[in-house]
Amino acid sequence: MRYRTAFAVLLAVAAWAADKKPITTKGTNRDVEITATAYITAADIKTALGAELGKDIVTVEVEVRPKSGKQITLAADDFILRSYKDGQKSSPYAASQIAGKGGLTLTSVPAGGGGLMSQGNGPVWGGVGGGMPQRLPGSGQGIGNSTANPESTEAVQKDSNKEKEDPLLVLLKKKSLPEGDTKEIVKGFLYFPLEGKHKAKDLALVYGSGGARVIMEFQQ
């Protein structure tokens, strides 16, 4: 009996470990064959991409193989990530929406010193489920002055012309899925905003539309 119990525990541990590994799925239509691997946890994303992207981003590595040497036109917006868990669906971020120049930095100023939030080109978060993306740390709304606080917070826009290009932006551009016309196999990453915690089995990658649409579910 003890041996059976130990064996059952080993099977459970093995199943748990398998569920934690990135899952690869495939799909095809008359024009292309697609292979996709979803990286959900921060550790898996860092291992695959070589950088951390923060919360609420799922990274999918995609390989697109045109059939019979046929030329196709590929765009990141051809892909949508769907969650069966809560109905979210999102198009991928551009690299510049995750990292880039001209971000906002927060500085403390004495009360009465203005304190209006200025819009910059900082990281953009959200935008799933039909909502509009917002820039961190705010959406351009006025912070205003408060007599109850000795200090207020002012957002200062950086001069992008004086900054060096963000190394993360360079990396994300380099590893993004190539876009444009191709007859060759292309491979790269797509970066999807997805709020909350999700398992691979909750997700599906959708390519194209209409009769040519391909739905790839990340199942074991």
# chains A, B, ... in the order shown; residues from 1 in each chain; ligands from 1

call {"tool": "residues_around", "arguments": {"residues": "A:Lys183", "least_positions_apart": "4", "cutoff": "8 Å", "atoms": "only C-alpha atoms", "output": "list of chain:residue names"}}
result
A:Pro66, A:Gly69, A:Lys70, A:Gln71, A:Ile72

call {"tool": "atom_distance", "arguments": {"atom1": "atom CA of A:Lys187", "atom2": "atom CA of A:Ala212"}}
result
20.1 Å

call {"tool": "closest_residue", "arguments": {"among": "A:Gly180, A:Gly100, A:Pro167, A:Pro193", "to": "A:Ile80", "atoms": "only C-alpha atoms"}}
result
A:Pro193

call {"tool": "closest_residue", "arguments": {"among": "A:Ala75, A:Leu49, A:Ile57, A:Leu203", "to": "A:Ile98", "atoms": "only C-alpha atoms"}}
result
A:Ile57

call {"tool": "closest_residue", "arguments": {"among": "A:Leu74, A:Ala36, A:Gly27, A:Lys21", "to": "A:Glu184", "atoms": "only C-alpha atoms"}}
result
A:Leu74

call {"tool": "residues_around", "arguments": {"residues": "A:Gln219", "least_positions_apart": "6", "cutoff": "9 Å", "atoms": "only C-alpha atoms", "output": "PyMOL selection string"}}
result
chain A and resi 23-25+200-204

call {"tool": "closest_atom_pairs", "arguments": {"of": "stretch 44-95 of chain A", "to": "stretch 170-176 of chain A", "cutoff": "10 Å", "atoms": "only C-alpha atoms", "output": "tab-separated table"}}
result
residue	atom	partner	partner_atom	distance
A:Leu49	CA	A:Lys175	CA	7.7
A:Gly50	CA	A:Leu171	CA	8.4
A:Ala51	CA	A:Leu171	CA	8.3
A:Leu53	CA	A:Leu172	CA	9.8
A:Val60	CA	A:Ser176	CA	9.9
A:Glu61	CA	A:Ser176	CA	8.7
A:Val62	CA	A:Ser176	CA	9.4
A:Ala76	CA	A:Ser176	CA	8.9
A:Ala94	CA	A:Lys173	CA	8.4
A:Ala95	CA	A:Leu172	CA	5.5

call {"tool": "atom_distance", "arguments": {"atom1": "atom CA of A:Tyr207", "atom2": "atom CA of A:Phe79"}}
result
4.7 Å

call {"tool": "closest_residue", "arguments": {"among": "A:Lys85, A:Lys197, A:Phe218, A:Pro92", "to": "A:Thr37", "atoms": "only C-alpha atoms"}}
result
A:Phe218

call {"tool": "decode", "arguments": {"residues": "stretch 70-91 of chain A", "atoms": "N, CA and C atoms", "output": "CSV table (one decimal), in the first residue's frame"}}
result
chain,number,residue,atom,x,y,z
A,70,LYS,N,4.4,30.1,-51.0
A,70,LYS,CA,3.5,31.2,-51.3
A,70,LYS,C,3.8,32.4,-50.4
A,71,GLN,N,3.8,33.6,-51.0
A,71,GLN,CA,4.1,34.8,-50.3
A,71,GLN,C,2.9,35.2,-49.5
A,72,ILE,N,3.2,35.5,-48.2
A,72,ILE,CA,2.1,36.0,-47.3
A,72,ILE,C,2.5,37.4,-46.8
A,73,THR,N,1.5,38.1,-46.3
A,73,THR,CA,1.8,39.4,-45.7
A,73,THR,C,1.5,39.2,-44.2
A,74,LEU,N,2.5,39.4,-43.4
A,74,LEU,CA,2.3,39.1,-41.9
A,74,LEU,C,2.3,40.4,-41.1
A,75,ALA,N,1.4,40.4,-40.1
A,75,ALA,CA,1.4,41.6,-39.2
A,75,ALA,C,1.1,41.1,-37.8
A,76,ALA,N,1.6,41.8,-36.8
A,76,ALA,CA,1.3,41.4,-35.5
A,76,ALA,C,-0.1,41.4,-35.1
A,77,ASP,N,-0.9,42.3,-35.7
A,77,ASP,CA,-2.3,42.5,-35.4
A,77,ASP,C,-3.1,41.3,-36.1
A,78,ASP,N,-2.5,40.5,-36.8
A,78,ASP,CA,-3.2,39.3,-37.3
A,78,ASP,C,-3.5,38.3,-36.2
A,79,PHE,N,-2.8,38.5,-35.0
A,79,PHE,CA,-2.9,37.6,-33.9
A,79,PHE,C,-3.7,38.2,-32.8
A,80,ILE,N,-4.5,37.4,-32.1
A,80,ILE,CA,-5.3,37.8,-30.9
A,80,ILE,C,-5.1,36.7,-29.9
A,81,LEU,N,-4.9,37.1,-28.6
A,81,LEU,CA,-4.8,36.1,-27.5
A,81,LEU,C,-6.1,36.1,-26.8
A,82,ARG,N,-6.8,35.0,-26.6
A,82,ARG,CA,-8.1,34.9,-25.9
A,82,ARG,C,-7.9,34.1,-24.6
A,83,SER,N,-8.7,34.5,-23.6
A,83,SER,CA,-8.7,33.7,-22.3
A,83,SER,C,-10.1,33.2,-22.2
A,84,TYR,N,-10.2,31.9,-22.0
A,84,TYR,CA,-11.5,31.2,-21.7
A,84,TYR,C,-11.9,31.4,-20.3
A,85,LYS,N,-10.9,31.8,-19.5
A,85,LYS,CA,-11.2,32.0,-18.0
A,85,LYS,C,-12.1,33.1,-17.8
A,86,ASP,N,-11.9,34.3,-18.4
A,86,ASP,CA,-12.7,35.5,-18.1
A,86,ASP,C,-13.1,36.2,-19.3
A,87,GLY,N,-12.9,35.7,-20.5
A,87,GLY,CA,-13.4,36.3,-21.8
A,87,GLY,C,-12.5,37.4,-22.3
A,88,GLN,N,-11.3,37.7,-21.7
A,88,GLN,CA,-10.4,38.7,-22.2
A,88,GLN,C,-9.9,38.3,-23.6
A,89,LYS,N,-9.7,39.3,-24.4
A,89,LYS,CA,-9.0,39.1,-25.6
A,89,LYS,C,-8.2,40.3,-25.9
A,90,SER,N,-7.0,40.2,-26.5
A,90,SER,CA,-6.1,41.3,-26.7
A,90,SER,C,-5.2,41.1,-27.9
A,91,SER,N,-4.9,42.2,-28.6
A,91,SER,CA,-3.9,42.3,-29.6
A,91,SER,C,-2.6,42.5,-29.0
